[in-house]
Amino acid sequence: MRAPRFLIAAAHKSSGKTVVSTGIAAALTARGLKLAAFKKGPDYIDPMWLGAAIKGPCYNLDFNTQAPDEIADFFASRITGAEATLVEANKGLFDGVSMDGSDANAALAKMLGLPVVLVIDTVGMTRGIAPLLQGYRAFDPEVNIVGVILNKVGGSRHEKKLREAVETYTDLKVVGAVHRNPALEIGERHLGLTTPAETGGLDALIERLGGVVGASVDLDLLLDLAARAPDLPDPPAPTALSEPDVTIAYARDRAFGFYYPDDLEAFAEAGARLVPFDAMRDPVLPDCDGLFIGGGFPEMFVGELEANAALRADIRAKIAAGLPTYAECGGLMYLSRTIVAETGVGEMVGTVPAEAVMHPTPEGKGLIRFTERADHPWPGNGEIRAHEFHHARLRSIAGTPTYGRTITRGHGVDGAHDGIVVHNALAGFCHLRNTRADPWVHRFVDFVRGRR
């Protein structure tokens with residue numbers, strides 16, 4: 001399968017990869033190219049920006065939850081029909097959890113035959129860029145580093161010195177030079193960048209990023225480098241879909257938006273129809289057999305969520321009547337009695353008898369592992385890998401909660417447990433990914449089907 005593709009990586013995190021990647025994606029899309037987009041690692045926000053730029057889904061490639069052959073098959077299945085594919089790295093090119101580099105961006109580049117373009121934060125740097133690039137080329141010669149994008153350049157004189165250094169001491173192509181520009185700034189908060197749903201004038205912002213980055217990067221050279229990627233094996237045959245026989249409502253609005261596109265696709269494969277609702281506007285849930293509330297930033301919308309008392313009462317009553325429900329992180333906070341945050345204190349659904357209190361530093365951050373307990377409503381087998389990133393902690397939990405998970409790595413609710421079970425509802429801080437090792441969507445849909 002012919003598949004022009006490239007990896008946008010960096011020497012370290014916060015080098016501007018997402019802004020540059022989003023700008024490139026927007027500029028190529030504006031040219032009329034059909035792009036596929038991916039983000040390495042567990043992440044919701046960066047893929048939202050890339051998805052907004054290409055006007056389609058951006059998928060995650062994650063060594064923590066996916067086996068290498070699963071990543072390769074998944075990648076091939078999602079680039080079918082694309083004219084070019086952009087993959088954005090996380091952190092630095094050679095960074096990962098394992099010291100042997102087996103889960104690093106570089107490992108992904110080698111496995112998928114991705115030519116690598118490095119985005120280098122050039123603040124305070126001129127000739128020193130040369131040994132940095134030489135070191136990256138020499139560290140693992142099997143990684144196909146083909147070019148560099150100079151980022152946060154101070155001006156034309158700065159750019160000239162940087163270009164001379166790269167051209168004199170390396171054989172890498174300077175694919176572009178992006179100067180420091182307030183127009184390229186995307187707001188940040190405790191979990192990283194703000195989400196596109198919260199950003200006013202999204203289309204105008206994406207167009208601006210595409211215009212500035214597109215004018216600063218040699219897109220023709222980039223596509224030429226991408227076209228040199230080796231052919232890939234054809235993807236496996238797609239899963240045949242059956243007519244859905246259950247309906248699951250899921251929160252999709254400014255407060256809740258942390259969903260993996262392939263997880264949502266898996267609901268259709270499992271025979272479920274997804275129906276979105278707005279937790280701040282809709283007075284009642286859609287007619288449904290089950291409920292799914294993903295993560296997000298409910299702490300930023302405490303007032304609006306509290307004001308929609310009709311929906312909160314409807315959800316509380318339906319869960320009490322046995323509605324099968326799954327809630328992750330922000331969804332757990334919404335199902336609690338109260339959210340306590342800098343933006344205010346607000347009454348929430350009240351299914352989970354606790355307060356969700358925001359803290360200035362993370363309570364749980366990174367990869368997490370757990371086993372499922374006997375009280376888990378839809379249990380699986382063995383240790384499950386997931387991730388967490390929350391500044392919230394549950395406080396003033398009434399009584400002795402029933403937990404569905406025992407934490408073996410990470411924090412969860414209290415450092416030892418996660419997944420509070422109330423009626424047919426499961427609510428925890430873990431973010432799951434539907435994979436071969438943990439087909440949680442199919443398990444949940446089967447549970448919903450069995451309780452219908």
# chains A, B, ... in the order shown; residues from 1 in each chain; ligands from 1

$ residues_around --residues "Gly271 of chain A" --least-positions-apart "5" --cutoff "10 Å" --atoms "only C-alpha atoms" --output "MDAnalysis selection string"
chainID A and resid 241:247 266 442 445:446 449

$ residues_around --residues "Lys91 of chain A" --least-positions-apart "5" --cutoff "9 Å" --atoms "only C-alpha atoms" --output "MDAnalysis selection string"
chainID A and resid 9:15 96 105

$ write_last_selection --atoms "N, CA and C atoms" --output "PDB file, in the first residue's frame"
ATOM      1  N   ALA A   9       8.218  15.439  15.083  1.00  0.00           N
ATOM      2  CA  ALA A   9       8.767  15.163  16.405  1.00  0.00           C
ATOM      3  C   ALA A   9       9.563  16.381  16.878  1.00  0.00           C
ATOM      4  N   ALA A  10      10.242  16.231  18.016  1.00  0.00           N
ATOM      5  CA  ALA A  10      11.002  17.347  18.587  1.00  0.00           C
ATOM      6  C   ALA A  10      12.093  16.794  19.478  1.00  0.00           C
ATOM      7  N   ALA A  11      12.927  17.703  19.985  1.00  0.00           N
ATOM      8  CA  ALA A  11      13.977  17.307  20.920  1.00  0.00           C
ATOM      9  C   ALA A  11      13.426  17.193  22.343  1.00  0.00           C
ATOM     10  N   HIS A  12      12.366  17.918  22.630  1.00  0.00           N
ATOM     11  CA  HIS A  12      11.767  17.889  23.964  1.00  0.00           C
ATOM     12  C   HIS A  12      10.338  18.387  23.871  1.00  0.00           C
ATOM     13  N   LYS A  13       9.567  18.168  24.925  1.00  0.00           N
ATOM     14  CA  LYS A  13       8.186  18.630  24.945  1.00  0.00           C
ATOM     15  C   LYS A  13       8.130  20.150  24.960  1.00  0.00           C
ATOM     16  N   SER A  14       6.967  20.681  24.628  1.00  0.00           N
ATOM     17  CA  SER A  14       6.725  22.132  24.599  1.00  0.00           C
ATOM     18  C   SER A  14       7.619  22.838  23.585  1.00  0.00           C
ATOM     19  N   SER A  15       7.921  22.143  22.499  1.00  0.00           N
ATOM     20  CA  SER A  15       8.690  22.756  21.409  1.00  0.00           C
ATOM     21  C   SER A  15       7.793  23.416  20.370  1.00  0.00           C
ATOM     22  N   GLY A  96      10.369   8.160  26.139  1.00  0.00           N
ATOM     23  CA  GLY A  96       9.339   7.170  26.394  1.00  0.00           C
ATOM     24  C   GLY A  96       9.458   6.716  27.833  1.00  0.00           C
ATOM     25  N   ASN A 105       8.921   7.565  20.501  1.00  0.00           N
ATOM     26  CA  ASN A 105       8.495   8.012  19.175  1.00  0.00           C
ATOM     27  C   ASN A 105       9.392   7.434  18.090  1.00  0.00           C
TER      28      ASN A 105
END

$ atom_distance --atom1 "atom CA of Gly257 of chain A" --atom2 "atom CA of Ala279 of chain A"
11.2 Å

$ select_by_dssp --residues "segment 90-331 of chain A" --states "strand (DSSP E)" --output "PyMOL selection string"
chain A and resi 116-121+145-153+173-179+188-189+192-193+246-251+256-258+272-277+290-293+295-296+325-328

$ residues_around --residues "Arg451 of chain A" --least-positions-apart "3" --cutoff "10 Å" --atoms "only C-alpha atoms" --output "ChimeraX atom specification"
/A:289-290,322-324,424,445-448

$ write_last_selection --atoms "C-alpha atoms" --output "mmCIF file, in the first residue's frame"
data_model
loop_
_atom_site.group_PDB
_atom_site.id
_atom_site.type_symbol
_atom_site.label_atom_id
_atom_site.label_comp_id
_atom_site.auth_asym_id
_atom_site.auth_seq_id
_atom_site.Cartn_x
_atom_site.Cartn_y
_atom_site.Cartn_z
ATOM 1 C CA ASP A 289 -30.524 1.992 27.053
ATOM 2 C CA GLY A 290 -27.194 3.135 28.528
ATOM 3 C CA GLY A 322 -30.845 0.928 36.994
ATOM 4 C CA LEU A 323 -29.653 2.693 33.811
ATOM 5 C CA PRO A 324 -26.282 1.116 32.878
ATOM 6 C CA ASN A 424 -25.490 -0.234 37.479
ATOM 7 C CA VAL A 445 -22.395 -2.739 25.370
ATOM 8 C CA ASP A 446 -23.011 -6.373 26.279
ATOM 9 C CA PHE A 447 -23.746 -5.253 29.849
ATOM 10 C CA VAL A 448 -26.179 -2.603 28.557
#

$ closest_residue --among "A:Ala255, A:Ala104, A:Met99, A:Val357" --to "Gly296 of chain A" --atoms "only C-alpha atoms"
A:Ala255

$ atom_distance --atom1 "atom CA of Gly450 of chain A" --atom2 "atom CA of Ala427 of chain A"
19.2 Å

$ residues_around --residues "segment 399-408 of chain A" --least-positions-apart "3" --cutoff "9 Å" --atoms "only C-alpha atoms" --output "ChimeraX atom specification"
/A:352-353,368-377,379,383,411-412,415-422,426,428

$ atom_distance --atom1 "atom CA of Lys17 of chain A" --atom2 "atom CA of Leu86 of chain A"
11.7 Å

$ closest_residue --among "A:His431, A:Arg316, A:Arg273, A:Arg409" --to "Glu328 of chain A" --atoms "only C-alpha atoms"
A:His431

$ closest_residue --among "A:Ala82, A:Met280, A:Leu367, A:Leu28" --to "Gly303 of chain A" --atoms "only C-alpha atoms"
A:Met280

$ residues_around --residues "Thr435 of chain A" --least-positions-apart "3" --cutoff "7 Å" --atoms "only C-alpha atoms" --output "ChimeraX atom specification"
/A:65-66,438-439

$ write_last_selection --atoms "C-alpha atoms" --output "PDB file, in the first residue's frame"
ATOM      1  CA  THR A  65      -2.449  -0.136  25.489  1.00  0.00           C
ATOM      2  CA  GLN A  66      -1.725  -1.533  22.007  1.00  0.00           C
ATOM      3  CA  ASP A 438      -9.203  -4.692  26.718  1.00  0.00           C
ATOM      4  CA  PRO A 439     -12.273  -4.520  24.451  1.00  0.00           C
TER       5      PRO A 439
END

$ closest_residue --among "A:Leu332, A:Leu7, A:Val217, A:Ala177" --to "Met111 of chain A" --atoms "only C-alpha atoms"
A:Leu7

$ closest_residue --among "A:Leu311, A:Ile384, A:Ala37, A:Val213" --to "Ala251 of chain A" --atoms "only C-alpha atoms"
A:Leu311

$ residues_around --residues "Val174 of chain A" --least-positions-apart "3" --cutoff "7 Å" --atoms "only C-alpha atoms" --output "PyMOL selection string"
chain A and resi 147-149+163

$ write_last_selection --atoms "N, CA and C atoms" --output "short mmCIF file (atom, residue, chain, number, x, y, z; two decimals), in the first residue's frame"
data_model
loop_
_atom_site.label_atom_id
_atom_site.label_comp_id
_atom_site.auth_asym_id
_atom_site.auth_seq_id
_atom_site.Cartn_x
_atom_site.Cartn_y
_atom_site.Cartn_z
N GLY A 147 14.46 16.00 7.95
CA GLY A 147 14.39 17.45 7.87
C GLY A 147 14.15 18.08 9.22
N VAL A 148 14.18 19.40 9.22
CA VAL A 148 14.00 20.16 10.44
C VAL A 148 13.14 21.38 10.15
N ILE A 149 12.26 21.70 11.10
CA ILE A 149 11.50 22.95 11.06
C ILE A 149 11.99 23.81 12.21
N ARG A 163 19.90 28.55 9.56
CA ARG A 163 19.95 27.84 8.28
C ARG A 163 21.40 27.53 7.89
#

$ decode --residues "segment 115-145 of chain A" --atoms "N, CA and C atoms" --output "tab-separated table (two decimals), in the first residue's frame"
chain	number	residue	atom	x	y	z
A	115	PRO	N	9.26	8.88	7.82
A	115	PRO	CA	10.31	9.91	7.79
A	115	PRO	C	10.03	10.94	8.88
A	116	VAL	N	11.09	11.37	9.57
A	116	VAL	CA	10.93	12.24	10.73
A	116	VAL	C	11.35	13.67	10.40
A	117	VAL	N	10.49	14.61	10.74
A	117	VAL	CA	10.82	16.03	10.65
A	117	VAL	C	10.84	16.58	12.07
A	118	LEU	N	11.99	17.11	12.48
A	118	LEU	CA	12.14	17.62	13.85
A	118	LEU	C	11.75	19.09	13.93
A	119	VAL	N	10.87	19.40	14.86
A	119	VAL	CA	10.55	20.80	15.18
A	119	VAL	C	11.48	21.20	16.32
A	120	ILE	N	12.34	22.16	16.07
A	120	ILE	CA	13.33	22.57	17.06
A	120	ILE	C	12.99	23.96	17.60
A	121	ASP	N	12.80	24.04	18.90
A	121	ASP	CA	12.62	25.32	19.58
A	121	ASP	C	13.97	26.02	19.56
A	122	THR	N	14.08	27.08	18.77
A	122	THR	CA	15.38	27.73	18.53
A	122	THR	C	15.64	28.93	19.43
A	123	VAL	N	14.80	29.15	20.43
A	123	VAL	CA	15.01	30.29	21.32
A	123	VAL	C	16.39	30.16	21.98
A	124	GLY	N	17.22	31.19	21.86
A	124	GLY	CA	18.55	31.19	22.48
A	124	GLY	C	19.55	30.29	21.77
A	125	MET	N	19.30	29.90	20.53
A	125	MET	CA	20.16	28.95	19.83
A	125	MET	C	20.52	29.47	18.44
A	126	THR	N	21.78	29.28	18.04
A	126	THR	CA	22.19	29.56	16.64
A	126	THR	C	23.02	28.37	16.15
A	127	ARG	N	24.34	28.48	16.20
A	127	ARG	CA	25.20	27.41	15.72
A	127	ARG	C	25.03	26.12	16.53
A	128	GLY	N	24.57	26.26	17.76
A	128	GLY	CA	24.38	25.10	18.63
A	128	GLY	C	23.34	24.12	18.12
A	129	ILE	N	22.55	24.52	17.12
A	129	ILE	CA	21.58	23.58	16.57
A	129	ILE	C	22.28	22.43	15.86
A	130	ALA	N	23.49	22.67	15.35
A	130	ALA	CA	24.19	21.65	14.56
A	130	ALA	C	24.57	20.42	15.38
A	131	PRO	N	25.26	20.55	16.52
A	131	PRO	CA	25.57	19.34	17.29
A	131	PRO	C	24.33	18.65	17.83
A	132	LEU	N	23.28	19.42	18.10
A	132	LEU	CA	22.03	18.79	18.53
A	132	LEU	C	21.50	17.86	17.43
A	133	LEU	N	21.45	18.35	16.20
A	133	LEU	CA	20.96	17.53	15.10
A	133	LEU	C	21.90	16.38	14.78
A	134	GLN	N	23.20	16.65	14.85
A	134	GLN	CA	24.17	15.57	14.62
A	134	GLN	C	23.99	14.45	15.64
A	135	GLY	N	23.77	14.84	16.89
A	135	GLY	CA	23.58	13.84	17.94
A	135	GLY	C	22.33	13.03	17.72
A	136	TYR	N	21.26	13.66	17.30
A	136	TYR	CA	20.02	12.94	17.05
A	136	TYR	C	20.18	11.98	15.87
A	137	ARG	N	20.91	12.39	14.85
A	137	ARG	CA	21.13	11.50	13.71
A	137	ARG	C	21.99	10.30	14.12
A	138	ALA	N	22.99	10.53	14.98
A	138	ALA	CA	23.93	9.46	15.33
A	138	ALA	C	23.39	8.52	16.40
A	139	PHE	N	22.46	9.00	17.22
A	139	PHE	CA	21.99	8.20	18.35
A	139	PHE	C	21.34	6.89	17.90
A	140	ASP	N	20.55	6.97	16.84
A	140	ASP	CA	19.95	5.77	16.26
A	140	ASP	C	19.85	5.98	14.76
A	141	PRO	N	20.86	5.52	14.01
A	141	PRO	CA	20.88	5.75	12.55
A	141	PRO	C	19.71	5.10	11.82
A	142	GLU	N	19.01	4.15	12.46
A	142	GLU	CA	17.88	3.52	11.80
A	142	GLU	C	16.65	4.42	11.75
A	143	VAL	N	16.65	5.48	12.56
A	143	VAL	CA	15.55	6.45	12.51
A	143	VAL	C	15.81	7.39	11.35
A	144	ASN	N	14.86	7.50	10.46
A	144	ASN	CA	15.04	8.26	9.22
A	144	ASN	C	14.67	9.73	9.43
A	145	ILE	N	15.59	10.49	10.04
A	145	ILE	CA	15.38	11.93	10.22
A	145	ILE	C	15.74	12.62	8.89
